[in-house]
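Structure file structure_17.cif (mmCIF, C-alpha atoms and all ligand atoms) follows.
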```
data_data
#
loop_
_atom_site.label_atom_id
_atom_site.label_comp_id
_atom_site.auth_asym_id
_atom_site.auth_seq_id
_atom_site.Cartn_x
_atom_site.Cartn_y
_atom_site.Cartn_z
CA MET R 1 21.41 69.51 -0.98
CA ALA R 2 23.24 72.58 -2.26
CA THR R 3 26.56 73.76 -1.01
CA THR R 4 26.27 77.53 -1.37
CA ALA R 5 23.81 79.50 0.73
CA PRO R 6 22.55 82.77 -0.77
CA VAL R 7 23.40 85.92 1.17
CA LEU R 8 20.37 87.38 2.94
CA PRO R 9 19.75 90.91 1.62
CA ALA R 10 18.46 93.65 3.93
CA PHE R 11 14.66 93.58 3.91
CA GLU R 12 11.79 95.58 5.38
CA ILE R 13 8.54 94.32 6.85
CA ASP R 14 5.82 96.76 5.80
CA GLU R 15 4.06 97.17 9.15
CA ALA R 16 1.46 99.60 7.78
CA ARG R 17 0.51 97.27 4.91
CA LEU R 18 0.25 94.31 7.28
CA SER R 19 -2.01 96.24 9.68
CA ARG R 20 -4.12 97.44 6.77
CA GLU R 21 -4.53 93.93 5.42
CA LEU R 22 -5.41 92.49 8.84
CA ALA R 23 -8.10 95.18 9.15
CA GLU R 24 -9.39 94.44 5.66
CA LEU R 25 -9.58 90.71 6.35
CA ALA R 26 -11.53 91.51 9.54
CA THR R 27 -14.27 93.09 7.42
CA MET R 28 -14.96 89.69 5.85
CA THR R 29 -17.24 88.61 8.67
CA SER R 30 -20.83 87.85 9.30
CA VAL R 31 -21.30 89.64 12.63
CA GLU R 32 -21.95 93.24 13.41
CA PRO R 33 -19.17 95.39 14.96
CA SER R 34 -18.68 94.90 18.69
CA ALA R 35 -18.40 97.67 21.26
CA VAL R 36 -15.23 96.17 22.72
CA GLY R 37 -13.24 95.38 19.59
CA THR R 38 -13.58 93.91 16.14
CA ALA R 39 -15.92 90.92 16.24
CA VAL R 40 -15.21 88.38 13.55
CA THR R 41 -17.21 85.26 12.66
CA ARG R 42 -15.81 83.47 9.63
CA VAL R 43 -16.87 79.86 9.59
CA VAL R 44 -15.29 77.58 7.01
CA PHE R 45 -16.99 77.43 3.59
CA THR R 46 -19.39 80.28 4.34
CA SER R 47 -19.50 83.23 1.97
CA ASP R 48 -17.15 85.20 4.27
CA ASP R 49 -14.61 82.39 4.13
CA HIS R 50 -14.87 82.29 0.33
CA THR R 51 -14.42 86.05 0.14
CA ALA R 52 -11.32 85.81 2.31
CA ARG R 53 -9.89 82.95 0.24
CA ALA R 54 -10.43 84.82 -3.04
CA TRP R 55 -8.90 88.01 -1.63
CA LEU R 56 -5.81 86.15 -0.39
CA LYS R 57 -5.42 84.42 -3.72
CA GLY R 58 -5.47 87.85 -5.36
CA LEU R 59 -2.67 89.06 -3.06
CA ALA R 60 -0.59 85.96 -3.83
CA ASP R 61 -1.23 86.33 -7.57
CA GLU R 62 0.09 89.90 -7.43
CA GLU R 63 3.37 88.52 -6.12
CA GLY R 64 3.55 85.81 -8.75
CA PHE R 65 3.24 82.97 -6.21
CA SER R 66 1.63 79.88 -7.72
CA VAL R 67 -1.58 78.63 -6.11
CA ARG R 68 -2.82 75.07 -5.57
CA ALA R 69 -5.81 73.92 -3.52
CA ASP R 70 -6.38 70.36 -2.35
CA ALA R 71 -9.61 68.39 -1.93
CA VAL R 72 -10.49 69.95 1.43
CA GLY R 73 -9.52 73.46 0.40
CA ASN R 74 -6.08 73.67 1.98
CA THR R 75 -4.42 76.24 -0.27
CA PHE R 76 -0.69 76.38 -1.05
CA PHE R 77 0.95 79.60 -2.24
CA ARG R 78 4.39 78.73 -3.57
CA TRP R 79 7.46 80.84 -4.19
CA GLU R 80 9.65 78.63 -6.30
CA GLY R 81 13.21 78.17 -5.08
CA ALA R 82 16.38 77.81 -7.12
CA ASP R 83 16.14 74.04 -6.68
CA PRO R 84 12.44 73.15 -6.89
CA LYS R 85 13.20 69.48 -6.34
CA LEU R 86 14.33 70.11 -2.76
CA ALA R 87 11.68 69.81 -0.04
CA ALA R 88 10.16 73.24 0.53
CA ILE R 89 10.04 75.24 3.75
CA ALA R 90 6.49 76.09 4.73
CA SER R 91 4.61 78.49 6.94
CA GLY R 92 0.92 79.00 7.40
CA SER R 93 -2.14 79.14 9.60
CA HIS R 94 -5.89 79.63 9.22
CA VAL R 95 -8.40 82.37 8.48
CA ASP R 96 -11.53 80.70 9.80
CA ALA R 97 -12.78 82.23 13.03
CA ILE R 98 -15.16 80.90 15.66
CA PRO R 99 -18.40 82.81 16.29
CA HIS R 100 -17.78 86.25 17.80
CA ALA R 101 -14.00 85.91 17.74
CA GLY R 102 -11.27 88.49 17.32
CA MET R 103 -9.30 89.49 14.23
CA TYR R 104 -5.82 88.09 14.96
CA ASP R 105 -6.17 84.36 15.66
CA GLY R 106 -4.78 82.56 12.60
CA THR R 107 -4.90 85.60 10.34
CA VAL R 108 -1.59 86.91 11.70
CA GLY R 109 0.10 83.70 10.59
CA VAL R 110 -1.40 83.84 7.11
CA LEU R 111 -0.90 87.54 6.38
CA GLY R 112 2.38 87.60 8.34
CA GLY R 113 3.61 84.64 6.30
CA LEU R 114 2.63 86.40 3.09
CA GLU R 115 4.32 89.62 4.22
CA ALA R 116 7.49 87.74 5.16
CA MET R 117 7.65 86.16 1.69
CA ARG R 118 6.89 89.45 -0.07
CA ALA R 119 9.53 91.32 1.95
CA LEU R 120 12.22 88.74 1.17
CA LYS R 121 11.26 88.68 -2.50
CA ALA R 122 11.25 92.46 -2.77
CA ALA R 123 14.72 92.52 -1.24
CA GLY R 124 15.96 90.21 -3.98
CA LEU R 125 16.38 86.97 -2.01
CA LYS R 126 16.67 83.94 -4.26
CA PRO R 127 15.87 81.05 -1.91
CA LEU R 128 17.42 77.71 -2.66
CA ARG R 129 14.38 75.79 -1.41
CA SER R 130 10.89 76.81 -2.38
CA ILE R 131 8.91 78.61 0.32
CA GLU R 132 5.21 77.83 0.67
CA LEU R 133 2.50 79.62 2.55
CA VAL R 134 -0.32 77.24 3.47
CA LEU R 135 -3.84 78.37 4.25
CA LEU R 136 -5.26 75.47 6.26
CA THR R 137 -8.94 74.60 6.17
CA SER R 138 -11.06 74.65 9.31
CA GLU R 139 -8.56 74.91 12.12
CA GLU R 140 -11.61 75.74 14.20
CA PRO R 141 -14.08 72.97 15.05
CA THR R 142 -17.19 75.16 14.67
CA ARG R 143 -18.64 73.60 11.55
CA PHE R 144 -17.55 69.96 11.59
CA GLY R 145 -16.90 69.42 15.31
CA ILE R 146 -13.19 68.69 14.99
CA GLY R 147 -10.34 71.19 14.89
CA CYS R 148 -7.42 71.23 12.44
CA LEU R 149 -9.37 69.41 9.76
CA GLY R 150 -7.05 70.42 6.92
CA SER R 151 -3.81 69.67 8.72
CA ARG R 152 -5.16 66.36 10.06
CA LEU R 153 -5.85 65.28 6.48
CA ILE R 154 -2.42 66.46 5.33
CA ALA R 155 -0.84 64.40 8.11
CA GLY R 156 -3.09 61.38 7.49
CA VAL R 157 -4.31 61.25 11.11
CA LEU R 158 -7.99 61.50 10.19
CA ASP R 159 -9.54 58.73 8.15
CA ALA R 160 -10.80 60.17 4.86
CA ALA R 161 -14.16 58.35 4.96
CA ARG R 162 -14.77 59.43 8.54
CA ALA R 163 -13.87 63.02 7.64
CA ASP R 164 -16.25 63.07 4.69
CA SER R 165 -19.08 61.81 6.90
CA LEU R 166 -18.64 64.48 9.60
CA PRO R 167 -22.03 66.20 9.94
CA ASP R 168 -22.41 69.89 9.20
CA LEU R 169 -23.14 71.44 12.62
CA MET R 170 -24.20 74.87 11.31
CA PRO R 171 -27.53 75.83 12.90
CA LYS R 172 -29.26 76.06 9.52
CA ALA R 173 -27.45 73.15 7.86
CA GLU R 174 -29.36 71.16 5.25
CA VAL R 175 -30.59 67.83 6.58
CA GLY R 176 -27.93 65.20 5.95
CA ALA R 177 -25.23 67.70 5.01
CA THR R 178 -21.70 66.47 5.71
CA LEU R 179 -18.18 67.57 4.93
CA ALA R 180 -18.51 65.65 1.64
CA THR R 181 -21.49 67.64 0.45
CA VAL R 182 -20.35 70.97 1.86
CA ARG R 183 -16.85 70.84 0.34
CA ALA R 184 -18.25 69.76 -3.04
CA GLU R 185 -20.58 72.73 -2.99
CA ALA R 186 -17.61 74.91 -2.09
CA GLY R 187 -15.81 73.63 -5.19
CA PHE R 188 -13.31 71.32 -3.48
CA CYS R 189 -13.64 67.89 -5.04
CA GLY R 190 -11.67 64.67 -5.23
CA PRO R 191 -10.85 62.03 -2.64
CA LEU R 192 -9.72 63.33 0.75
CA GLU R 193 -6.90 60.76 0.71
CA SER R 194 -5.24 62.99 -1.88
CA CYS R 195 -4.72 65.71 0.76
CA ARG R 196 -2.09 63.53 2.40
CA LEU R 197 1.52 64.73 2.22
CA GLU R 198 4.32 62.32 2.98
CA ALA R 199 6.77 62.80 5.84
CA GLY R 200 9.62 64.80 4.39
CA HIS R 201 7.39 66.65 1.93
CA TYR R 202 8.43 69.81 3.79
CA ALA R 203 11.91 70.33 5.19
CA GLY R 204 10.44 72.51 7.92
CA TRP R 205 7.27 74.26 9.08
CA VAL R 206 7.10 77.54 11.04
CA GLU R 207 3.77 79.00 12.19
CA LEU R 208 3.41 82.56 13.40
CA HIS R 209 0.49 82.98 15.82
CA ILE R 210 -0.73 85.15 18.63
CA GLU R 211 -0.08 83.65 22.07
CA GLN R 212 -3.76 83.70 23.16
CA GLY R 213 -2.56 83.64 26.77
CA PRO R 214 -1.02 86.12 29.23
CA LEU R 215 2.55 84.94 29.78
CA LEU R 216 4.53 87.01 27.27
CA GLU R 217 2.86 90.26 28.28
CA ARG R 218 3.11 89.43 31.98
CA GLU R 219 6.81 88.65 31.71
CA GLY R 220 7.58 91.55 29.37
CA MET R 221 8.85 89.21 26.65
CA PRO R 222 8.72 90.42 23.03
CA LEU R 223 8.04 87.01 21.47
CA GLY R 224 7.69 83.33 22.32
CA ILE R 225 9.08 80.19 20.73
CA VAL R 226 6.80 77.19 21.12
CA THR R 227 8.61 74.02 22.14
CA SER R 228 5.50 71.84 22.56
CA ILE R 229 1.74 71.96 22.10
CA ALA R 230 -0.66 70.56 24.72
CA ALA R 231 -2.79 67.56 23.85
CA PRO R 232 -6.42 68.29 22.95
CA ALA R 233 -9.38 65.91 22.99
CA GLY R 234 -13.02 66.27 22.06
CA TYR R 235 -16.18 64.36 23.01
CA ARG R 236 -19.88 64.78 22.41
CA PHE R 237 -22.56 63.76 24.91
CA THR R 238 -26.20 63.25 24.03
CA ILE R 239 -28.55 63.13 26.98
CA GLU R 240 -32.04 61.75 26.31
CA GLY R 241 -34.75 62.33 28.88
CA VAL R 242 -38.46 62.87 28.53
CA GLY R 243 -40.04 66.17 27.53
CA GLY R 244 -43.43 67.57 28.30
CA HIS R 245 -45.50 70.57 29.30
CA ALA R 246 -43.67 72.97 31.60
CA GLY R 247 -46.79 73.50 33.67
CA ALA R 248 -48.50 70.14 33.61
CA LEU R 249 -45.55 67.76 34.01
CA LEU R 250 -45.09 67.59 37.77
CA MET R 251 -41.62 67.68 39.28
CA PRO R 252 -41.60 64.11 40.68
CA ASP R 253 -42.35 62.81 37.18
CA ARG R 254 -39.58 64.66 35.40
CA ARG R 255 -36.67 63.18 33.46
CA ASP R 256 -35.28 66.53 32.39
CA ALA R 257 -32.33 66.16 30.00
CA LEU R 258 -30.96 69.62 30.70
CA CYS R 259 -30.86 69.09 34.46
CA ALA R 260 -28.90 65.89 33.82
CA ALA R 261 -26.61 67.73 31.38
CA SER R 262 -25.93 70.36 34.03
CA GLU R 263 -24.71 67.64 36.37
CA VAL R 264 -22.44 66.29 33.63
CA ILE R 265 -20.95 69.74 33.06
CA LEU R 266 -20.31 70.24 36.76
CA SER R 267 -18.79 66.78 37.06
CA ILE R 268 -16.33 67.68 34.29
CA GLU R 269 -15.40 70.88 36.10
CA ARG R 270 -15.03 69.11 39.45
CA HIS R 271 -12.71 66.40 38.13
CA THR R 272 -10.64 68.89 36.16
CA LEU R 273 -10.11 71.01 39.26
CA ALA R 274 -9.25 67.88 41.23
CA ALA R 275 -6.66 66.90 38.61
CA ASN R 276 -5.04 70.31 38.91
CA ALA R 277 -5.08 70.14 42.70
CA ALA R 278 -3.41 66.72 42.55
CA SER R 279 -0.76 67.76 40.04
CA GLY R 280 -0.13 71.17 41.60
CA THR R 281 -0.47 72.70 38.11
CA ASN R 282 -3.16 74.31 36.01
CA ASP R 283 -2.32 72.08 33.07
CA THR R 284 -5.70 70.36 32.77
CA VAL R 285 -8.45 72.47 31.21
CA ALA R 286 -11.94 71.43 30.16
CA THR R 287 -14.74 73.36 28.52
CA VAL R 288 -18.27 72.51 27.54
CA GLY R 289 -18.69 75.19 24.91
CA THR R 290 -21.96 74.21 23.27
CA CYS R 291 -25.26 72.97 24.63
CA ASP R 292 -28.10 72.25 22.21
CA VAL R 293 -31.42 71.90 23.95
CA HIS R 294 -34.36 70.18 22.30
CA PRO R 295 -37.02 71.36 21.71
CA GLY R 296 -35.69 74.69 23.00
CA ALA R 297 -38.90 76.31 24.18
CA VAL R 298 -39.29 78.06 27.51
CA ASN R 299 -42.46 76.18 28.35
CA SER R 300 -41.28 72.73 27.31
CA VAL R 301 -39.25 70.36 29.49
CA PRO R 302 -35.98 69.58 27.67
CA SER R 303 -36.10 66.07 26.25
CA ARG R 304 -32.69 65.97 24.56
CA VAL R 305 -29.44 67.85 25.07
CA THR R 306 -26.19 67.63 23.15
CA LEU R 307 -22.97 68.90 24.73
CA GLN R 308 -19.56 69.32 23.12
CA LEU R 309 -16.59 68.92 25.45
CA ASP R 310 -13.09 70.23 24.76
CA ILE R 311 -10.52 68.86 27.23
CA ARG R 312 -6.77 69.41 27.07
CA ASP R 313 -3.69 68.61 29.06
CA THR R 314 0.05 68.59 28.69
CA ASP R 315 -0.24 64.97 29.92
CA PRO R 316 -2.67 62.84 27.89
CA GLU R 317 -2.85 60.15 30.59
CA ARG R 318 -4.05 62.67 33.14
CA ARG R 319 -6.60 63.91 30.61
CA GLU R 320 -7.85 60.36 30.19
CA SER R 321 -8.09 59.80 33.94
CA VAL R 322 -10.33 62.88 34.23
CA MET R 323 -12.53 61.33 31.54
CA GLN R 324 -12.69 58.06 33.48
CA SER R 325 -13.87 59.87 36.60
CA VAL R 326 -16.49 61.76 34.59
CA ARG R 327 -17.72 58.48 33.07
CA ALA R 328 -18.19 57.01 36.55
CA ASP R 329 -20.31 60.04 37.51
CA ILE R 330 -22.30 59.75 34.30
CA ASP R 331 -23.35 56.23 35.19
CA GLY R 332 -24.73 57.54 38.48
CA ILE R 333 -26.42 60.57 36.91
CA SER R 334 -28.19 58.55 34.24
CA GLU R 335 -29.42 55.99 36.78
CA ARG R 336 -30.61 58.53 39.33
CA ARG R 337 -32.35 60.72 36.76
CA ALA R 338 -33.60 57.90 34.50
CA VAL R 339 -32.04 59.41 31.38
CA THR R 340 -29.65 57.90 28.85
CA ILE R 341 -26.28 59.53 28.26
CA LYS R 342 -24.37 58.57 25.14
CA GLU R 343 -20.71 59.52 24.78
CA GLU R 344 -19.22 59.98 21.30
CA PHE R 345 -15.52 60.18 20.72
CA VAL R 346 -14.41 63.05 18.47
CA ASN R 347 -10.64 63.13 18.85
CA ALA R 348 -7.89 62.51 21.40
CA ASP R 349 -4.52 63.73 20.22
CA ALA R 350 -1.05 63.47 21.59
CA PRO R 351 1.01 66.54 22.48
CA ALA R 352 3.35 67.74 19.73
CA THR R 353 7.01 68.54 20.19
CA SER R 354 8.83 71.17 18.15
CA GLY R 355 11.82 70.24 16.02
CA ALA R 356 15.13 71.25 17.59
CA GLY R 357 16.49 72.57 14.29
CA ILE R 358 13.51 74.85 13.70
CA VAL R 359 13.58 76.15 17.28
CA GLN R 360 17.28 76.85 16.85
CA ALA R 361 16.70 78.69 13.56
CA ILE R 362 14.13 80.92 15.29
CA GLU R 363 16.50 81.52 18.21
CA GLU R 364 19.25 82.51 15.80
CA ALA R 365 16.90 84.90 14.04
CA CYS R 366 16.03 86.44 17.43
CA ALA R 367 19.71 86.70 18.34
CA ALA R 368 20.42 88.47 15.03
CA GLU R 369 17.73 91.01 15.97
CA LYS R 370 19.10 91.22 19.53
CA ILE R 371 15.95 89.99 21.18
CA VAL R 372 15.43 87.18 23.63
CA ALA R 373 12.28 85.12 23.15
CA LYS R 374 10.59 82.96 25.79
CA LYS R 375 10.51 79.23 25.15
CA MET R 376 7.05 78.04 26.04
CA VAL R 377 4.28 75.47 25.79
CA SER R 378 1.25 76.30 23.65
CA ARG R 379 -1.93 75.51 25.51
CA ALA R 380 -4.05 76.36 22.49
CA TYR R 381 -3.84 73.80 19.72
CA HIS R 382 -2.69 74.68 16.26
CA ASP R 383 -2.26 73.16 12.83
CA SER R 384 1.41 72.86 13.75
CA SER R 385 0.42 69.95 16.04
CA PHE R 386 -0.42 67.94 12.93
CA MET R 387 2.18 69.37 10.58
CA ALA R 388 4.62 68.00 13.19
CA ARG R 389 3.72 64.49 11.96
CA ILE R 390 5.26 65.19 8.56
CA ALA R 391 7.93 67.83 9.20
CA PRO R 392 9.99 69.39 11.98
CA VAL R 393 7.93 72.35 13.21
CA ALA R 394 8.04 75.27 15.60
CA MET R 395 5.91 78.31 16.28
CA ILE R 396 6.60 81.99 16.92
CA PHE R 397 4.22 83.55 19.44
CA ILE R 398 3.26 87.23 19.53
CA PRO R 399 2.06 88.71 22.85
CA SER R 400 -1.70 88.98 23.32
CA ARG R 401 -3.01 91.97 25.28
CA ASN R 402 -4.36 90.77 28.63
CA GLY R 403 -3.95 87.23 27.30
CA VAL R 404 -7.34 87.51 25.62
CA SER R 405 -8.36 85.43 22.59
CA HIS R 406 -11.50 83.97 20.99
CA ARG R 407 -13.12 87.31 21.90
CA PRO R 408 -13.62 90.54 19.94
CA ASP R 409 -11.20 92.40 22.24
CA GLU R 410 -8.33 90.09 21.21
CA TYR R 411 -5.41 92.42 20.38
CA SER R 412 -1.75 92.31 19.48
CA SER R 413 0.11 95.51 18.64
CA PRO R 414 1.17 96.28 15.06
CA GLU R 415 4.77 96.55 16.29
CA SER R 416 4.80 93.10 17.85
CA ILE R 417 3.08 91.58 14.82
CA ALA R 418 5.72 93.19 12.59
CA LEU R 419 8.50 91.93 14.87
CA GLY R 420 7.11 88.39 14.77
CA THR R 421 6.84 88.65 11.00
CA ARG R 422 10.44 89.83 10.76
CA ILE R 423 11.64 86.87 12.83
CA LEU R 424 9.51 84.58 10.66
CA ALA R 425 11.09 86.03 7.50
CA LEU R 426 14.62 85.59 8.87
CA THR R 427 13.81 82.01 9.90
CA LEU R 428 12.27 81.10 6.55
CA ALA R 429 15.19 82.67 4.67
CA LYS R 430 17.66 80.71 6.74
CA LEU R 431 15.84 77.39 6.48
CA ALA R 432 15.33 77.84 2.75
CA SER R 433 19.00 78.53 2.17
CA ALA R 434 20.38 75.07 2.94
C1 LIG S 501 -7.91 76.68 18.58
O1 LIG S 501 -8.51 77.66 18.23
C2 LIG S 501 -7.94 76.23 19.91
O2 LIG S 501 -9.08 76.09 20.40
O3 LIG S 501 -6.89 76.02 20.53
MN MN S 502 -8.83 79.81 17.46
MN MN S 503 -5.52 79.88 15.72
MN MN S 504 -6.05 77.64 17.42
#
```
Would you mind giving the structure from this file in structure tokens?
Amino acid sequence: MATTAPVLPAFEIDEARLSRELAELATMTSVEPSAVGTAVTRVVFTSDDHTARAWLKGLADEEGFSVRADAVGNTFFRWEGADPKLAAIASGSHVDAIPHAGMYDGTVGVLGGLEAMRALKAAGLKPLRSIELVLLTSEEPTRFGIGCLGSRLIAGVLDAARADSLPDLMPKAEVGATLATVRAEAGFCGPLESCRLEAGHYAGWVELHIEQGPLLEREGMPLGIVTSIAAPAGYRFTIEGVGGHAGALLMPDRRDALCAASEVILSIERHTLAANAASGTNDTVATVGTCDVHPGAVNSVPSRVTLQLDIRDTDPERRESVMQSVRADIDGISERRAVTIKEEFVNADAPATSGAGIVQAIEEACAAEKIVAKKMVSRAYHDSSFMARIAPVAMIFIPSRNGVSHRPDEYSSPESIALGTRILALTLAKLASA
């Protein structure tokens, strides 16, 4: 470790350039414009995702940052420090977007990270440690059913063979397509084990992200500092009943899979509400966000339904006890309705805790800018949850208008994005100096 820290030169975040680039990235989407905002759909390894990746690489090339991609497409833009052998400081996020999303989730962390590095470089900073911007693959679970795919593989918390066999859930996916075939077609080859980075590979990780909730705006706070990230879990349920003609199959003879699925969904809601009532918090949240009905015809009784459940809590034991109650209901539903209900485990992760040193560096950056940031829990999950397995992490949150996210009317102001980017730059400069 070096003994002399470089002096931080005055630097400027180019707010106009950042806004322009966020708007440009938002054009790389496969949905039509929305009346209420900018609708973005950019699913991993689709042509829009490839366009975005190539465009970002071009921006990094212009700055002279080196580029490396791993076997799942995580992409590392590196600004070499004075001592390249020291563990780098990293920042990053994602550019994939769920169907009909907004334009700020993830993108602010990627373009803000790039802007922070460019601003420091333009000002003449010579960081001691290298600084890396990491574009993480498939933070969103849309295509492969599990979120934070790239960061899970970096952290070694997802078995490589299991990852490669994850089915492609795109509506028009080729029969038998999996992550293995889709990533190969996208040009990302090699064993997924090679994505793994050892603990200590990075000296620190800082992710800039929009809050996606209402607290900062409600409390009039300019920024947030994330001290922990709630624990997410995912499950899939397949309900098999018996189909038939919507006119001829009489009601007493029905074993309708969708009616059974509806009971499952309402059981999940009921037990989640009960958990909140018992804890006196709103910390347990559960969502059934997809429901595939087979055969999907108005005049055909549903014979098979697949549901995807996303359930999160700050307390993983409470999350599990909600699941236990739902399972007890499922036994009753399947018996009463003469259907089978199969549960598949997708993931159940622990909460992540920020590193005290990274939180302190962000607080010092805020103090230098004479702002007070709110320390808070992130209820959305982020790649930082998994980067925390290999490095001390923290996140900087930017207020979200009306707390809205995963919707086209998601919005954060250019000023608050620039402020978050400035704090990120100060934090990276500080962490990279020692
Ligand atoms: C990530 O997008 C999440 O669902 O928290
Ligand atoms: Mn998201
Ligand atoms: Mn995100
Ligand atoms: Mn997220």
Requested in this report: Could you tell me which of R:Ser433, R:Ser279, R:Ser384, R:Ser66 comes closest to ligand MN 504 (chain S) if we count all atoms listed in the file?
Outcome: R:Ser384
Query - Contact residues around Ile265 (chain R) with all atoms listed in the file at 9 Å, ignoring same-chain residues under 6 positions, as a VMD selection string - result: chain R and resid 287 to 288 307 309
Query raised in the report: Which residues, written as a PyMOL selection string, have at least one atom at most 12 Å from Val264 (chain R), with only C-alpha atoms counted and residues fewer than 3 positions away on the same chain left out?
Result: chain R and resi 236-239+257-261+267-271+287-288+291+305-309+323+325-334+337+341-343
Query raised in the report: For the atom pair CA of His50 (chain R) and CA of Asp383 (chain R), what is the interatomic distance in Å to one decimal place?
Result: 20.0 Å
So which residues touch Leu197 (chain R) within 12 Å, counting all atoms listed in the file, skipping near sequence neighbours fewer than 4 positions away, as a PDB file with C-alpha atoms, in the frame of the given file?
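The resulting part-v4.pdb:
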```
ATOM      1  CA  ASP R  70      -6.380  70.360  -2.350  1.00  0.00           C
ATOM      2  CA  ASN R  74      -6.080  73.670   1.980  1.00  0.00           C
ATOM      3  CA  ALA R  87      11.680  69.810  -0.040  1.00  0.00           C
ATOM      4  CA  GLY R 150      -7.050  70.420   6.920  1.00  0.00           C
ATOM      5  CA  SER R 151      -3.810  69.670   8.720  1.00  0.00           C
ATOM      6  CA  ARG R 152      -5.160  66.360  10.060  1.00  0.00           C
ATOM      7  CA  LEU R 153      -5.850  65.280   6.480  1.00  0.00           C
ATOM      8  CA  ILE R 154      -2.420  66.460   5.330  1.00  0.00           C
ATOM      9  CA  ALA R 155      -0.840  64.400   8.110  1.00  0.00           C
ATOM     10  CA  GLY R 156      -3.090  61.380   7.490  1.00  0.00           C
ATOM     11  CA  VAL R 157      -4.310  61.250  11.110  1.00  0.00           C
ATOM     12  CA  LEU R 192      -9.720  63.330   0.750  1.00  0.00           C
ATOM     13  CA  GLU R 193      -6.900  60.760   0.710  1.00  0.00           C
ATOM     14  CA  HIS R 201       7.390  66.650   1.930  1.00  0.00           C
ATOM     15  CA  TYR R 202       8.430  69.810   3.790  1.00  0.00           C
ATOM     16  CA  PHE R 386      -0.420  67.940  12.930  1.00  0.00           C
ATOM     17  CA  MET R 387       2.180  69.370  10.580  1.00  0.00           C
ATOM     18  CA  ALA R 388       4.620  68.000  13.190  1.00  0.00           C
ATOM     19  CA  ARG R 389       3.720  64.490  11.960  1.00  0.00           C
ATOM     20  CA  ILE R 390       5.260  65.190   8.560  1.00  0.00           C
ATOM     21  CA  ALA R 391       7.930  67.830   9.200  1.00  0.00           C
TER      22      ALA R 391
END
```
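Residues of protein, DNA or RNA lying at most 8 Å from ligand MN 504 (chain S), when all atoms listed in the file are considered, are Asp105, Gly106, Glu139, Glu140, Ala380, Tyr381, His382 and Asp383 of chain R.
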Query - Surrounding residues as a ChimeraX atom specification, ligand MN 503 (chain S), max 12 Å, all atoms listed in the file - result: /R:92-98,101-110,135-141,147-148,207-212,378-385,395,397,405-406,410
For those residues, write C-alpha atoms to a file as an mmCIF file, in the frame of the given file.
```
data_model
loop_
_atom_site.group_PDB
_atom_site.id
_atom_site.type_symbol
_atom_site.label_atom_id
_atom_site.label_comp_id
_atom_site.auth_asym_id
_atom_site.auth_seq_id
_atom_site.Cartn_x
_atom_site.Cartn_y
_atom_site.Cartn_z
ATOM 1 C CA GLY R 92 0.920 79.000 7.400
ATOM 2 C CA SER R 93 -2.140 79.140 9.600
ATOM 3 C CA HIS R 94 -5.890 79.630 9.220
ATOM 4 C CA VAL R 95 -8.400 82.370 8.480
ATOM 5 C CA ASP R 96 -11.530 80.700 9.800
ATOM 6 C CA ALA R 97 -12.780 82.230 13.030
ATOM 7 C CA ILE R 98 -15.160 80.900 15.660
ATOM 8 C CA ALA R 101 -14.000 85.910 17.740
ATOM 9 C CA GLY R 102 -11.270 88.490 17.320
ATOM 10 C CA MET R 103 -9.300 89.490 14.230
ATOM 11 C CA TYR R 104 -5.820 88.090 14.960
ATOM 12 C CA ASP R 105 -6.170 84.360 15.660
ATOM 13 C CA GLY R 106 -4.780 82.560 12.600
ATOM 14 C CA THR R 107 -4.900 85.600 10.340
ATOM 15 C CA VAL R 108 -1.590 86.910 11.700
ATOM 16 C CA GLY R 109 0.100 83.700 10.590
ATOM 17 C CA VAL R 110 -1.400 83.840 7.110
ATOM 18 C CA LEU R 135 -3.840 78.370 4.250
ATOM 19 C CA LEU R 136 -5.260 75.470 6.260
ATOM 20 C CA THR R 137 -8.940 74.600 6.170
ATOM 21 C CA SER R 138 -11.060 74.650 9.310
ATOM 22 C CA GLU R 139 -8.560 74.910 12.120
ATOM 23 C CA GLU R 140 -11.610 75.740 14.200
ATOM 24 C CA PRO R 141 -14.080 72.970 15.050
ATOM 25 C CA GLY R 147 -10.340 71.190 14.890
ATOM 26 C CA CYS R 148 -7.420 71.230 12.440
ATOM 27 C CA GLU R 207 3.770 79.000 12.190
ATOM 28 C CA LEU R 208 3.410 82.560 13.400
ATOM 29 C CA HIS R 209 0.490 82.980 15.820
ATOM 30 C CA ILE R 210 -0.730 85.150 18.630
ATOM 31 C CA GLU R 211 -0.080 83.650 22.070
ATOM 32 C CA GLN R 212 -3.760 83.700 23.160
ATOM 33 C CA SER R 378 1.250 76.300 23.650
ATOM 34 C CA ARG R 379 -1.930 75.510 25.510
ATOM 35 C CA ALA R 380 -4.050 76.360 22.490
ATOM 36 C CA TYR R 381 -3.840 73.800 19.720
ATOM 37 C CA HIS R 382 -2.690 74.680 16.260
ATOM 38 C CA ASP R 383 -2.260 73.160 12.830
ATOM 39 C CA SER R 384 1.410 72.860 13.750
ATOM 40 C CA SER R 385 0.420 69.950 16.040
ATOM 41 C CA MET R 395 5.910 78.310 16.280
ATOM 42 C CA PHE R 397 4.220 83.550 19.440
ATOM 43 C CA SER R 405 -8.360 85.430 22.590
ATOM 44 C CA HIS R 406 -11.500 83.970 20.990
ATOM 45 C CA GLU R 410 -8.330 90.090 21.210
#
```
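The smallest atom-to-atom distance between ligand LIG 501 (chain S) and any of R:Leu179, R:Ala233, R:Ala35, R:Ala71, using all atoms listed in the file, is found for R:Ala233.
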Report task. For Ala177 (chain R), list every protein, DNA or RNA residue within 12 Å, evaluated using all atoms listed in the file, and leave out those in the same chain fewer than 2 positions away; present the list as a PyMOL selection string. Result -> chain R and resi 143-144+164-175+179-185
